[in-house]
file data_28.cif (mmCIF, C-alpha atoms)
data_start
#
loop_
_atom_site.label_atom_id
_atom_site.label_comp_id
_atom_site.auth_asym_id
_atom_site.auth_seq_id
_atom_site.Cartn_x
_atom_site.Cartn_y
_atom_site.Cartn_z
CA MET A 151 12.53 35.12 -14.25
CA ASN A 152 15.56 36.97 -12.90
CA ALA A 153 17.14 34.84 -10.24
CA ALA A 154 19.72 36.39 -7.92
CA LYS A 155 21.24 32.94 -7.45
CA VAL A 156 20.88 29.50 -9.00
CA LEU A 157 21.18 26.50 -6.69
CA ASP A 158 21.85 23.10 -8.21
CA VAL A 159 20.77 20.24 -5.92
CA LYS A 160 20.21 17.72 -8.71
CA GLY A 161 20.99 14.18 -7.62
CA LEU A 162 20.69 15.02 -3.93
CA ALA A 163 18.15 13.22 -1.79
CA CYS A 164 16.02 14.48 1.03
CA PRO A 165 16.85 16.32 3.34
CA MET A 166 19.79 17.89 1.41
CA PRO A 167 17.76 19.91 -1.15
CA ILE A 168 16.07 21.83 1.65
CA VAL A 169 19.15 22.07 3.86
CA LYS A 170 21.02 23.70 0.95
CA THR A 171 18.07 25.86 -0.10
CA LYS A 172 17.77 27.19 3.42
CA LYS A 173 21.48 28.02 3.53
CA ALA A 174 21.43 29.71 0.11
CA MET A 175 18.38 31.71 1.12
CA GLN A 176 20.20 33.10 4.18
CA GLU A 177 22.77 34.72 1.88
CA LEU A 178 20.14 36.56 -0.16
CA GLU A 179 18.42 39.89 0.43
CA SER A 180 14.70 40.24 1.01
CA GLY A 181 12.88 40.25 -2.33
CA ASP A 182 15.64 38.32 -4.14
CA ILE A 183 14.69 35.28 -6.15
CA LEU A 184 16.43 31.93 -5.70
CA GLU A 185 16.24 29.37 -8.49
CA VAL A 186 16.47 25.77 -7.22
CA GLN A 187 17.03 22.81 -9.54
CA ALA A 188 16.30 19.40 -8.04
CA THR A 189 15.67 15.83 -9.16
CA ASP A 190 14.32 14.31 -5.94
CA GLN A 191 10.56 13.95 -6.44
CA GLY A 192 10.04 14.38 -2.71
CA ALA A 193 11.45 17.91 -3.04
CA LYS A 194 8.29 19.00 -4.80
CA SER A 195 5.90 18.91 -1.87
CA ASP A 196 8.63 19.51 0.75
CA LEU A 197 10.00 22.66 -0.89
CA THR A 198 6.49 23.98 -1.37
CA ALA A 199 5.66 23.38 2.30
CA TRP A 200 9.00 24.75 3.50
CA THR A 201 8.61 27.91 1.40
CA LYS A 202 5.20 28.50 2.92
CA SER A 203 6.26 27.85 6.50
CA GLY A 204 9.22 30.21 6.08
CA GLY A 205 7.00 33.01 4.78
CA HIS A 206 8.69 33.03 1.35
CA GLU A 207 6.83 33.03 -1.92
CA LEU A 208 6.96 30.26 -4.51
CA MET A 209 6.76 32.28 -7.75
CA GLN A 210 6.85 29.41 -10.21
CA GLU A 211 7.75 25.74 -10.56
CA THR A 212 8.36 23.62 -13.63
CA GLU A 213 9.22 20.01 -14.38
CA GLU A 214 11.17 19.16 -17.49
CA ASN A 215 13.04 15.93 -18.30
CA GLY A 216 12.91 14.90 -14.66
CA VAL A 217 14.36 18.21 -13.40
CA LEU A 218 12.20 20.19 -11.01
CA THR A 219 12.89 23.93 -11.01
CA PHE A 220 11.54 26.29 -8.35
CA TRP A 221 11.72 30.07 -8.20
CA ILE A 222 11.42 31.26 -4.62
CA LYS A 223 11.21 34.92 -3.58
CA LYS A 224 12.75 35.66 -0.20
CA GLU A 225 10.50 37.20 2.42
CA MET B 1451 23.51 8.33 23.24
CA THR B 1452 23.53 6.09 20.15
CA VAL B 1453 20.64 6.22 17.77
CA LYS B 1454 18.95 2.85 17.32
CA VAL B 1455 17.56 1.33 14.16
CA MET B 1456 14.02 -0.03 14.04
CA THR B 1457 12.84 -2.19 11.14
CA ALA B 1458 9.40 -2.31 9.54
CA LYS B 1459 9.14 -5.87 10.85
CA GLU B 1460 9.74 -4.73 14.45
CA ILE B 1461 7.06 -2.05 14.14
CA THR B 1462 4.67 -4.62 12.64
CA ARG B 1463 5.31 -6.91 15.63
CA LYS B 1464 4.64 -4.04 18.05
CA MET B 1465 1.41 -3.26 16.23
CA MET B 1466 0.23 -6.87 16.27
CA ASN B 1467 1.21 -7.34 19.91
CA LYS B 1468 -0.62 -4.10 20.74
CA GLU B 1469 2.51 -2.59 22.31
CA GLU B 1470 3.12 1.11 22.83
CA LEU B 1471 5.25 3.16 20.45
CA PHE B 1472 5.64 6.87 19.84
CA ILE B 1473 6.11 7.87 16.21
CA LEU B 1474 7.75 11.17 15.34
CA ASP B 1475 6.84 11.52 11.67
CA VAL B 1476 9.03 14.18 10.03
CA ARG B 1477 7.40 14.16 6.58
CA ASN B 1478 5.37 17.16 5.48
CA GLN B 1479 1.85 17.48 6.83
CA ASP B 1480 0.09 16.52 3.59
CA ALA B 1481 2.05 13.30 3.34
CA PHE B 1482 1.31 12.48 6.99
CA GLN B 1483 -2.40 13.14 6.65
CA ASP B 1484 -2.59 11.08 3.49
CA TRP B 1485 -0.95 8.02 5.02
CA HIS B 1486 0.92 7.13 8.21
CA ILE B 1487 1.75 4.23 10.51
CA GLU B 1488 -1.10 3.31 12.79
CA GLY B 1489 -1.33 1.06 15.80
CA GLU B 1490 -3.83 0.69 18.59
CA HIS B 1491 -1.36 2.02 21.17
CA PHE B 1492 0.80 4.17 18.91
CA GLY B 1493 1.17 7.88 19.63
CA HIS B 1494 2.05 10.40 16.92
CA LEU B 1495 3.72 13.75 16.46
CA ASN B 1496 4.07 15.17 12.96
CA ILE B 1497 6.70 17.91 12.58
CA PRO B 1498 8.32 18.23 9.14
CA TYR B 1499 12.12 17.79 9.23
CA PHE B 1500 12.57 21.15 7.52
CA GLU B 1501 11.14 22.88 10.55
CA LEU B 1502 13.76 21.22 12.75
CA LEU B 1503 16.87 22.27 10.82
CA ASP B 1504 17.73 24.90 13.45
CA GLY B 1505 17.30 22.51 16.34
CA VAL B 1506 14.93 20.19 18.11
CA TYR B 1507 14.60 22.13 21.40
CA ASP B 1508 11.04 23.16 20.69
CA ILE B 1509 9.74 19.61 20.48
CA LEU B 1510 11.61 18.03 23.39
CA ASP B 1511 8.75 18.54 25.82
CA GLN B 1512 6.31 16.95 23.36
CA LEU B 1513 8.16 13.63 23.42
CA PRO B 1514 7.28 10.94 25.98
CA THR B 1515 10.00 9.72 28.32
CA ASP B 1516 8.39 6.37 29.11
CA LYS B 1517 7.86 5.00 25.59
CA ASP B 1518 10.01 3.85 22.68
CA ILE B 1519 10.32 6.65 20.12
CA VAL B 1520 10.90 6.08 16.43
CA VAL B 1521 11.54 8.85 13.89
CA VAL B 1522 9.98 8.22 10.48
CA CYS B 1523 10.42 9.94 7.12
CA ALA B 1524 9.78 9.08 3.47
CA LYS B 1525 13.00 7.24 2.71
CA GLU B 1526 15.36 7.41 5.74
CA PRO B 1527 18.00 10.16 5.65
CA SER B 1528 15.82 12.92 7.13
CA SER B 1529 14.78 10.69 10.01
CA VAL B 1530 18.44 9.86 10.71
CA MET B 1531 19.24 13.57 10.79
CA VAL B 1532 16.44 14.31 13.25
CA ALA B 1533 17.21 11.21 15.34
CA ASP B 1534 20.85 12.32 15.60
CA MET B 1535 19.80 15.77 16.75
CA LEU B 1536 17.48 14.30 19.38
CA SER B 1537 20.15 11.90 20.53
CA GLU B 1538 22.57 14.80 21.06
CA GLN B 1539 19.97 16.24 23.43
CA GLY B 1540 20.00 13.01 25.39
CA VAL B 1541 16.80 11.52 23.95
CA ASP B 1542 16.76 7.74 23.55
CA VAL B 1543 15.48 7.36 20.01
CA ALA B 1544 15.39 5.08 16.94
CA TYR B 1545 14.72 5.71 13.25
CA LEU B 1546 12.74 3.54 10.84
CA GLN B 1547 15.13 1.74 8.52
CA GLY B 1548 14.20 2.54 4.92
CA GLY B 1549 11.47 4.98 5.96
CA MET B 1550 7.89 4.79 4.74
CA ARG B 1551 9.18 3.16 1.58
CA ALA B 1552 10.27 0.11 3.59
CA TRP B 1553 7.04 0.28 5.58
CA SER B 1554 5.08 0.12 2.33
CA GLU B 1555 7.05 -2.92 1.14
CA HIS B 1556 7.12 -5.01 4.29
CA LEU B 1557 5.23 -8.31 4.09
CA GLU B 1558 4.37 -10.35 7.17
CA PRO B 1559 3.54 -14.00 6.37
CA ILE B 1560 1.03 -15.51 8.81
CA LYS B 1561 -0.44 -18.99 8.70
CA VAL B 1562 -4.21 -18.83 8.28
CA ALA B 1563 -5.04 -22.52 8.35
CA ASP B 1564 -3.97 -26.12 8.14
CA LEU B 1565 -5.80 -27.61 5.19
CA ASN B 1566 -7.19 -31.09 4.81
CA ASP B 1567 -4.60 -33.70 3.85
CA GLY B 1568 -1.69 -31.77 5.36
CA GLY B 1569 -1.63 -28.59 3.29
CA GLU B 1570 -1.17 -25.07 4.65
CA LEU B 1571 -2.62 -21.69 3.77
CA TYR B 1572 -0.62 -18.51 4.43
CA GLN B 1573 -1.65 -14.89 4.26
CA PHE B 1574 1.02 -12.28 3.45
CA VAL B 1575 0.00 -9.05 5.15
CA ARG B 1576 1.42 -5.91 3.53
CA ILE B 1577 0.83 -3.93 6.66
CA GLY B 1578 1.83 -0.49 5.35
CA LYS B 1579 -0.41 -0.56 2.31
CA GLY B 1580 -3.17 -2.97 3.24
CA CYS B 1581 -2.56 -5.53 0.47
CA LEU B 1582 -3.09 -9.22 1.21
CA SER B 1583 -1.53 -12.05 -0.80
CA TYR B 1584 -1.85 -15.79 -0.27
CA MET B 1585 0.13 -18.99 -0.63
CA VAL B 1586 -1.27 -22.51 -0.64
CA ILE B 1587 1.33 -25.15 0.09
CA SER B 1588 0.82 -28.89 -0.16
CA ASP B 1589 3.14 -31.81 -0.63
CA GLY B 1590 6.02 -29.86 -2.15
CA GLU B 1591 3.90 -27.68 -4.41
CA ALA B 1592 2.64 -24.13 -3.99
CA ALA B 1593 0.18 -21.70 -5.53
CA VAL B 1594 0.51 -17.94 -5.00
CA ILE B 1595 -2.50 -15.67 -5.21
CA ASP B 1596 -2.39 -11.89 -5.73
CA PRO B 1597 1.35 -11.56 -5.03
CA THR B 1598 2.79 -8.05 -4.70
CA ARG B 1599 5.94 -6.96 -6.53
CA MET B 1600 8.29 -7.96 -3.67
CA VAL B 1601 8.61 -11.32 -5.43
CA GLU B 1602 11.58 -12.66 -3.48
CA THR B 1603 9.54 -12.71 -0.30
CA PHE B 1604 7.27 -15.25 -1.97
CA THR B 1605 9.91 -17.32 -3.76
CA ASP B 1606 12.16 -17.43 -0.67
CA PHE B 1607 9.23 -18.44 1.49
CA ALA B 1608 8.35 -21.31 -0.86
CA ASP B 1609 12.03 -22.38 -0.96
CA GLU B 1610 12.22 -22.46 2.82
CA LEU B 1611 9.26 -24.79 2.93
CA ASP B 1612 10.70 -26.90 0.09
CA ALA B 1613 7.77 -26.14 -2.15
CA LYS B 1614 7.82 -25.47 -5.88
CA ILE B 1615 5.51 -22.72 -7.06
CA ILE B 1616 3.41 -24.22 -9.86
CA HIS B 1617 0.49 -21.76 -10.12
CA VAL B 1618 0.39 -17.98 -9.84
CA ILE B 1619 -3.03 -16.37 -9.87
CA ASP B 1620 -4.32 -12.80 -9.87
CA THR B 1621 -7.98 -12.43 -8.88
CA HIS B 1622 -8.19 -9.35 -11.10
CA LEU B 1623 -6.11 -6.70 -12.83
CA HIS B 1624 -4.95 -4.60 -9.87
CA ALA B 1625 -5.12 -0.81 -9.89
CA ASP B 1626 -3.59 0.06 -6.51
CA HIS B 1627 -0.37 -1.97 -6.56
CA ILE B 1628 1.94 -3.60 -9.07
CA SER B 1629 1.44 -7.33 -9.31
CA GLY B 1630 4.39 -9.66 -8.82
CA GLY B 1631 2.50 -12.42 -10.63
CA ARG B 1632 4.20 -12.30 -13.98
CA ASN B 1633 7.72 -12.09 -12.46
CA ILE B 1634 7.14 -15.01 -10.13
CA ALA B 1635 5.71 -17.12 -12.95
CA GLU B 1636 8.71 -16.32 -15.17
CA ASN B 1637 11.24 -17.02 -12.41
CA THR B 1638 9.71 -20.33 -11.37
CA ASN B 1639 8.21 -21.59 -14.65
CA ALA B 1640 4.82 -21.59 -12.98
CA THR B 1641 1.61 -21.03 -14.92
CA TYR B 1642 0.19 -17.53 -14.62
CA PHE B 1643 -3.59 -17.36 -14.49
CA LEU B 1644 -5.62 -14.23 -15.09
CA PRO B 1645 -9.36 -13.68 -15.58
CA PRO B 1646 -9.59 -13.32 -19.39
CA LYS B 1647 -12.01 -10.39 -19.24
CA ASP B 1648 -9.41 -8.36 -17.31
CA ALA B 1649 -6.61 -9.50 -19.62
CA THR B 1650 -7.84 -8.35 -23.02
CA GLU B 1651 -5.01 -5.83 -23.33
CA VAL B 1652 -2.12 -7.65 -21.64
CA THR B 1653 1.10 -7.99 -23.62
CA TYR B 1654 2.33 -11.30 -22.17
CA PRO B 1655 1.17 -14.94 -22.23
CA TYR B 1656 -1.21 -16.18 -19.53
CA GLN B 1657 -3.75 -18.93 -18.93
CA PRO B 1658 -7.40 -17.94 -18.68
CA LEU B 1659 -8.99 -18.38 -15.30
CA GLU B 1660 -12.63 -19.10 -15.82
CA ASP B 1661 -15.69 -19.90 -13.77
CA GLY B 1662 -15.69 -23.46 -12.50
CA LYS B 1663 -12.02 -24.09 -13.27
CA ILE B 1664 -10.33 -26.31 -10.71
CA LEU B 1665 -6.61 -26.22 -10.01
CA THR B 1666 -4.80 -28.66 -7.75
CA VAL B 1667 -1.79 -28.09 -5.52
CA GLY B 1668 0.21 -31.06 -4.31
CA ALA B 1669 -0.47 -34.73 -4.71
CA THR B 1670 -3.11 -34.47 -2.03
CA THR B 1671 -5.33 -32.40 -4.30
CA ILE B 1672 -6.31 -29.13 -2.79
CA ASP B 1673 -8.90 -27.66 -5.03
CA ILE B 1674 -8.82 -24.02 -5.99
CA GLN B 1675 -12.18 -23.42 -7.53
CA ALA B 1676 -12.73 -20.22 -9.52
CA LEU B 1677 -15.97 -18.30 -9.12
CA TYR B 1678 -16.75 -15.43 -11.49
CA THR B 1679 -17.70 -12.38 -9.38
CA PRO B 1680 -17.42 -9.17 -11.43
CA GLY B 1681 -17.93 -5.68 -10.03
CA HIS B 1682 -14.59 -4.21 -8.96
CA THR B 1683 -13.32 -5.09 -12.41
CA ILE B 1684 -15.23 -6.85 -15.15
CA GLY B 1685 -13.10 -9.99 -14.74
CA SER B 1686 -12.85 -10.18 -10.92
CA THR B 1687 -12.80 -13.84 -9.89
CA SER B 1688 -13.08 -15.36 -6.42
CA PHE B 1689 -11.67 -18.71 -5.30
CA ILE B 1690 -12.73 -21.40 -2.95
CA ILE B 1691 -9.77 -23.23 -1.46
CA ASP B 1692 -10.19 -26.61 0.17
CA GLU B 1693 -13.97 -26.21 0.15
CA GLN B 1694 -13.76 -23.71 2.98
CA TYR B 1695 -11.71 -20.60 2.32
CA LEU B 1696 -13.25 -17.95 0.07
CA LEU B 1697 -10.73 -15.58 -1.49
CA THR B 1698 -12.81 -12.57 -2.48
CA GLY B 1699 -10.16 -10.41 -4.17
CA ASP B 1700 -11.27 -6.78 -4.19
CA ILE B 1701 -15.01 -7.55 -4.25
CA LEU B 1702 -15.70 -8.09 -0.56
CA PHE B 1703 -13.60 -6.94 2.39
CA ILE B 1704 -14.11 -7.34 6.14
CA ASP B 1705 -15.64 -3.94 6.86
CA SER B 1706 -16.21 -2.64 3.33
CA ILE B 1707 -16.89 -3.64 -0.28
CA GLY B 1708 -15.02 -3.14 -3.55
CA ARG B 1709 -15.33 0.04 -5.56
CA PRO B 1710 -16.43 -0.28 -9.19
CA ASP B 1711 -14.79 2.85 -10.62
CA LEU B 1712 -11.07 2.13 -11.01
CA ALA B 1713 -11.08 0.54 -14.44
CA GLY B 1714 -14.17 1.88 -16.10
CA LYS B 1715 -17.39 3.59 -15.30
CA ALA B 1716 -18.91 2.82 -11.93
CA GLU B 1717 -22.40 2.95 -13.46
CA ASP B 1718 -21.54 0.11 -15.83
CA TRP B 1719 -20.39 -2.31 -13.16
CA VAL B 1720 -22.62 -1.54 -10.24
CA THR B 1721 -25.14 -4.19 -11.37
CA ASP B 1722 -22.40 -6.83 -11.53
CA LEU B 1723 -21.11 -5.80 -8.10
CA ARG B 1724 -24.60 -6.05 -6.62
CA ASP B 1725 -25.14 -9.46 -8.20
CA SER B 1726 -21.81 -10.81 -6.93
CA LEU B 1727 -22.38 -9.58 -3.36
CA TYR B 1728 -26.12 -10.13 -2.99
CA ARG B 1729 -26.61 -13.31 -5.04
CA ARG B 1730 -23.45 -15.28 -5.89
CA TYR B 1731 -21.82 -15.07 -2.45
CA LYS B 1732 -25.16 -15.57 -0.73
CA GLU B 1733 -25.52 -18.95 -2.38
CA LEU B 1734 -22.33 -20.11 -0.64
CA SER B 1735 -22.01 -21.67 2.79
CA GLU B 1736 -22.14 -19.17 5.66
CA ASP B 1737 -19.26 -21.07 7.23
CA PHE B 1738 -16.84 -20.14 4.47
CA ILE B 1739 -13.97 -18.03 5.77
CA VAL B 1740 -13.61 -14.83 3.73
CA LEU B 1741 -10.01 -13.90 2.89
CA PRO B 1742 -9.92 -10.59 0.99
CA ALA B 1743 -7.12 -8.98 -1.05
CA HIS B 1744 -7.10 -5.84 1.11
CA PHE B 1745 -7.79 -4.31 4.47
CA MET B 1746 -8.25 -0.60 5.10
CA LYS B 1747 -8.01 -0.20 8.86
CA ILE B 1748 -5.99 -2.03 11.47
CA GLU B 1749 -9.26 -2.71 13.30
CA GLU B 1750 -9.91 -5.29 10.57
CA LEU B 1751 -6.96 -7.38 11.77
CA ASN B 1752 -7.70 -10.34 14.04
CA GLU B 1753 -5.76 -10.98 17.27
CA ASP B 1754 -3.19 -13.09 15.40
CA GLY B 1755 -2.68 -10.41 12.73
CA THR B 1756 -4.67 -12.19 10.02
CA VAL B 1757 -7.53 -10.63 8.09
CA ALA B 1758 -10.29 -13.25 7.92
CA GLU B 1759 -13.93 -13.63 8.92
CA ARG B 1760 -16.87 -16.04 8.46
CA LEU B 1761 -19.04 -15.16 5.46
CA GLY B 1762 -22.16 -15.43 7.63
CA GLN B 1763 -20.71 -12.87 10.05
CA LEU B 1764 -20.02 -10.43 7.23
CA TYR B 1765 -23.66 -10.66 6.15
CA VAL B 1766 -24.47 -9.42 9.67
CA ASP B 1767 -21.74 -6.79 10.21
CA ASN B 1768 -20.64 -5.44 6.83
CA HIS B 1769 -22.68 -2.38 5.92
CA GLY B 1770 -22.06 -2.92 2.19
CA LEU B 1771 -23.86 -6.27 2.33
CA ASN B 1772 -26.88 -4.82 4.09
CA VAL B 1773 -28.21 -2.19 1.72
CA GLU B 1774 -31.68 -3.57 0.89
CA ASP B 1775 -32.67 -0.97 -1.64
CA GLU B 1776 -30.94 -1.30 -5.00
CA ALA B 1777 -31.08 2.43 -5.78
CA THR B 1778 -29.48 3.25 -2.42
CA PHE B 1779 -26.76 0.70 -3.16
CA ARG B 1780 -26.19 2.26 -6.57
CA THR B 1781 -25.74 5.68 -4.97
CA LEU B 1782 -23.41 4.28 -2.30
CA VAL B 1783 -20.98 2.80 -4.81
CA THR B 1784 -21.09 5.49 -7.49
CA GLU B 1785 -21.25 8.76 -5.57
CA ASN B 1786 -18.99 10.37 -2.96
CA LEU B 1787 -16.30 7.78 -3.60
CA PRO B 1788 -13.00 8.11 -1.72
CA PRO B 1789 -10.02 9.53 -3.68
CA GLN B 1790 -8.62 7.08 -6.22
CA PRO B 1791 -5.35 5.29 -5.45
CA ASN B 1792 -2.13 7.06 -6.39
CA ALA B 1793 -1.20 6.61 -10.09
CA PHE B 1794 -3.92 3.97 -10.53
CA ASP B 1795 -4.04 4.20 -14.31
CA GLU B 1796 -0.25 3.91 -14.63
CA ILE B 1797 -0.35 0.92 -12.30
CA ARG B 1798 -2.98 -0.77 -14.48
CA GLN B 1799 -0.85 -0.13 -17.59
CA THR B 1800 2.15 -1.64 -15.80
CA ASN B 1801 0.14 -4.70 -14.77
CA MET B 1802 -0.93 -5.14 -18.40
CA GLY B 1803 2.72 -5.10 -19.47
CA LYS B 1804 2.28 -1.91 -21.48
CA LYS B 1805 4.61 0.05 -19.23
CA ASN B 1806 7.80 -1.12 -17.56
CA PRO B 1807 8.87 1.55 -15.06
CA GLU B 1808 12.14 1.34 -13.11
CA GLU B 1809 11.94 -0.04 -9.59
CA ASP B 1810 12.21 3.40 -7.98
CA LYS B 1811 9.39 4.66 -10.14
CA GLN B 1812 7.29 1.60 -9.21
CA ARG B 1813 7.81 2.38 -5.53
CA GLU B 1814 6.73 5.93 -6.05
CA MET B 1815 3.61 4.87 -7.97
CA GLU B 1816 2.53 2.70 -5.05
CA ILE B 1817 2.98 5.32 -2.33
CA GLY B 1818 0.00 5.78 -0.05
CA PRO B 1819 -2.97 3.66 1.04
CA ASN B 1820 -4.73 1.23 -1.32
CA ARG B 1821 -8.15 2.92 -1.45
CA CYS B 1822 -9.91 0.05 -3.19
CA ALA B 1823 -12.91 -0.06 -0.88
CA ILE B 1824 -16.17 1.66 -0.08
CA GLN B 1825 -17.59 1.59 3.40
#

call {"tool": "encode", "arguments": {"input": "data_28.cif", "output": "structure tokens"}}
result
Amino acid sequence: MNAAKVLDVKGLACPMPIVKTKKAMQELESGDILEVQATDQGAKSDLTAWTKSGGHELMQETEENGVLTFWIKKE
Amino acid sequence: MTVKVMTAKEITRKMMNKEELFILDVRNQDAFQDWHIEGEHFGHLNIPYFELLDGVYDILDQLPTDKDIVVVCAKEPSSVMVADMLSEQGVDVAYLQGGMRAWSEHLEPIKVADLNDGGELYQFVRIGKGCLSYMVISDGEAAVIDPTRMVETFTDFADELDAKIIHVIDTHLHADHISGGRNIAENTNATYFLPPKDATEVTYPYQPLEDGKILTVGATTIDIQALYTPGHTIGSTSFIIDEQYLLTGDILFIDSIGRPDLAGKAEDWVTDLRDSLYRRYKELSEDFIVLPAHFMKIEELNEDGTVAERLGQLYVDNHGLNVEDEATFRTLVTENLPPQPNAFDEIRQTNMGKKNPEEDKQREMEIGPNRCAIQ
């Protein structure tokens, strides 16, 4: 997937992954895809819920070797 | 205005004293619906922290001005962030130290009874998860039953009362929480007892706990008599302490009964469960005090915070003990069961010694309510 920006929030605990994702998202254009890499397990459900409440689209998510990766398309 | 800190113990006290408290839970809605802090006079507002990043103005008018407010999240940092924002707006607010994780791990020891010959029986209420553990203390010796993994709470408690833990007992192989039994036994050189039928796959040494076995605690001889009552697991064993207190494990609760599906097929164990509840327990004195290994709802707590009731009363009030027809009972315990506890298979593997997850992973596995019962 072609991400316009990759955000590394590995090692950061809640609420920082979402605080940083929100900030990174503000710098993107509508339709751009943001790739977020996180290790906080809580990020999984929180990022999904945040994406939905913000009207964005969660294109894909994967989990490999403890790293959660999300691809979010900006509204 | 400075943000205050509230501990899980303080919230437990408020719950048991039936005080008022307003909980602003900033976890996501799924997490809140799955599991949250309840109290008879507790109010709730659930707004995820990520919807408050731009400010808390929108929720100010939803907060009471005449009650203590505590902000709660999964671990702590998000609740501190929200509490700080509220405080800047002049709201007098606290956050829960350690978040729901601390809530899940808090144990409140309460004395249940003075035993004959000077012994004491304590119940450890894990208020956030509904697990109940026990300690019998007599004449410098102690036995711990169904301890949770917060082992220092038990060993420190015994130390404070100058008692040496000599027996550690699990009523069955738990599926909803990680047992502290093996750790306590190793740390104190106590003997660890398990029902052999639940222990066929365990990777560590234990002593078999079998029907009719009698253990003593203290020189004054407090009997712990084992009673084989399968149904929740094939090995589930009850105990009678001091000829009066019936520890029912996960077979019989105050307002519900054990579920037979967490370690095998419900159909296979339903007959055992029926036999334990409708025959074995019925042969016992109605005046026995039932002390279960779980509660589900705070309504099951007595005025003093304990979870205990006369066996005779349960045969009147507990729906699960009053299903006359065997086929109806079979349907009740095998169909439309509540969701299974989080990570229950991994928890069983851990309790067998086959898996040894890190502490953080153990915490995560135990998140949520216990879900061991059927109403």

call {"tool": "residues_around", "arguments": {"input": "data_28.cif", "residues": "Thr189 in chain A", "least_positions_apart": "6", "cutoff": "10 Å", "atoms": "all atoms listed in the file", "output": "CSV table (one decimal) with C-alpha atoms, keeping the file's coordinate frame"}}
result
chain,number,residue,atom,x,y,z
A,158,ASP,CA,21.8,23.1,-8.2
A,159,VAL,CA,20.8,20.2,-5.9
A,160,LYS,CA,20.2,17.7,-8.7
A,161,GLY,CA,21.0,14.2,-7.6
A,162,LEU,CA,20.7,15.0,-3.9
A,163,ALA,CA,18.2,13.2,-1.8
A,167,PRO,CA,17.8,19.9,-1.2
A,213,GLU,CA,9.2,20.0,-14.4
A,215,ASN,CA,13.0,15.9,-18.3
A,216,GLY,CA,12.9,14.9,-14.7
A,217,VAL,CA,14.4,18.2,-13.4
A,218,LEU,CA,12.2,20.2,-11.0
A,219,THR,CA,12.9,23.9,-11.0

call {"tool": "closest_atom_pairs", "arguments": {"input": "data_28.cif", "of": "chain A", "to": "chain B", "cutoff": "8 Å", "atoms": "all atoms listed in the file", "output": "CSV"}}
result
residue,atom,partner,partner_atom,distance
A:Cys164,CA,B:Ser1528,CA,6.3
A:Pro165,CA,B:Ser1528,CA,5.2
A:Ile168,CA,B:Phe1500,CA,6.9
A:Val169,CA,B:Leu1503,CA,7.3
A:Ser195,CA,B:Asn1478,CA,7.6
A:Asp196,CA,B:Asn1478,CA,6.2
A:Ala199,CA,B:Asn1478,CA,7.0
A:Trp200,CA,B:Phe1500,CA,6.5

call {"tool": "resolve_selection", "arguments": {"input": "data_28.cif", "expression": "the PyMOL selection byres ((chain A and resi 151) around 12)", "output": "VMD selection string"}}
result
chain A and resid 152 to 156 182 to 185 209 to 211 219 to 223

call {"tool": "resolve_selection", "arguments": {"input": "data_28.cif", "expression": "the PyMOL selection byres ((chain B and resi 1692) around 8)", "output": "MDAnalysis selection string"}}
result
chainID B and resid 1565:1566 1672:1674 1690:1691 1693:1695

call {"tool": "residues_around", "arguments": {"input": "data_28.cif", "residues": "Asp1589 in chain B", "least_positions_apart": "2", "cutoff": "10 Å", "atoms": "only C-alpha atoms", "output": "NGL selection string"}}
result
:B and (1567-1570 or 1587 or 1591-1592 or 1611-1614 or 1667-1671)

call {"tool": "residues_around", "arguments": {"input": "data_28.cif", "residues": "Thr1687 in chain B", "least_positions_apart": "5", "cutoff": "6 Å", "atoms": "all atoms listed in the file", "output": "PDB file with C-alpha atoms, in the coordinates of the input"}}
result
ATOM      1  CA  THR B1621      -7.980 -12.430  -8.880  1.00  0.00           C
ATOM      2  CA  LEU B1677     -15.970 -18.300  -9.120  1.00  0.00           C
ATOM      3  CA  TYR B1678     -16.750 -15.430 -11.490  1.00  0.00           C
ATOM      4  CA  THR B1679     -17.700 -12.380  -9.380  1.00  0.00           C
TER       5      THR B1679
END

call {"tool": "atom_distance", "arguments": {"input": "data_28.cif", "atom1": "CA of Glu1488 in chain B", "atom2": "CA of Pro1789 in chain B"}}
result
19.7 Å

call {"tool": "resolve_selection", "arguments": {"input": "data_28.cif", "expression": "the PyMOL selection byres ((chain B and resi 1619) around 9)", "output": "list of chain:residue names"}}
result
B:Ala1593, B:Val1594, B:Ile1595, B:Asp1596, B:Pro1597, B:His1617, B:Val1618, B:Asp1620, B:Thr1621, B:His1622, B:Gly1631, B:Thr1641, B:Tyr1642, B:Phe1643, B:Leu1644, B:Pro1645, B:Leu1659

call {"tool": "atom_distance", "arguments": {"input": "data_28.cif", "atom1": "CA of Leu1571 in chain B", "atom2": "CA of Val1586 in chain B"}}
result
4.7 Å

call {"tool": "atom_distance", "arguments": {"input": "data_28.cif", "atom1": "CA of Ala1823 in chain B", "atom2": "CA of Met1802 in chain B"}}
result
21.8 Å

call {"tool": "closest_residue", "arguments": {"input": "data_28.cif", "among": "A:Thr171, A:Gln176, A:Gln187, A:Thr201", "to": "Glu214 in chain A", "atoms": "all atoms listed in the file"}}
result
A:Gln187

call {"tool": "residues_around", "arguments": {"input": "data_28.cif", "residues": "Thr1462 in chain B", "least_positions_apart": "6", "cutoff": "9 Å", "atoms": "all atoms listed in the file", "output": "NGL selection string"}}
result
:B and (1489 or 1553 or 1556 or 1558 or 1577-1578)

call {"tool": "residues_around", "arguments": {"input": "data_28.cif", "residues": "range 1791-1795 of chain B", "least_positions_apart": "2", "cutoff": "6 Å", "atoms": "all atoms listed in the file", "output": "ChimeraX atom specification"}}
result
/B:1625-1626,1797-1798,1815,1820-1821

call {"tool": "decode", "arguments": {"input": "data_28.cif", "residues": "range 208-212 of chain A", "atoms": "C-alpha atoms", "output": "compact mmCIF listing (two decimals), in the first residue's frame"}}
result
# COMPACT_ATOMS: atom_id res chain seq x y z
CA LEU A 208 -8.90 1.93 8.16
CA MET A 209 -7.68 0.24 4.95
CA GLN A 210 -5.67 -2.55 6.52
CA GLU A 211 -4.01 -3.65 9.75
CA THR A 212 -1.39 -6.29 10.42
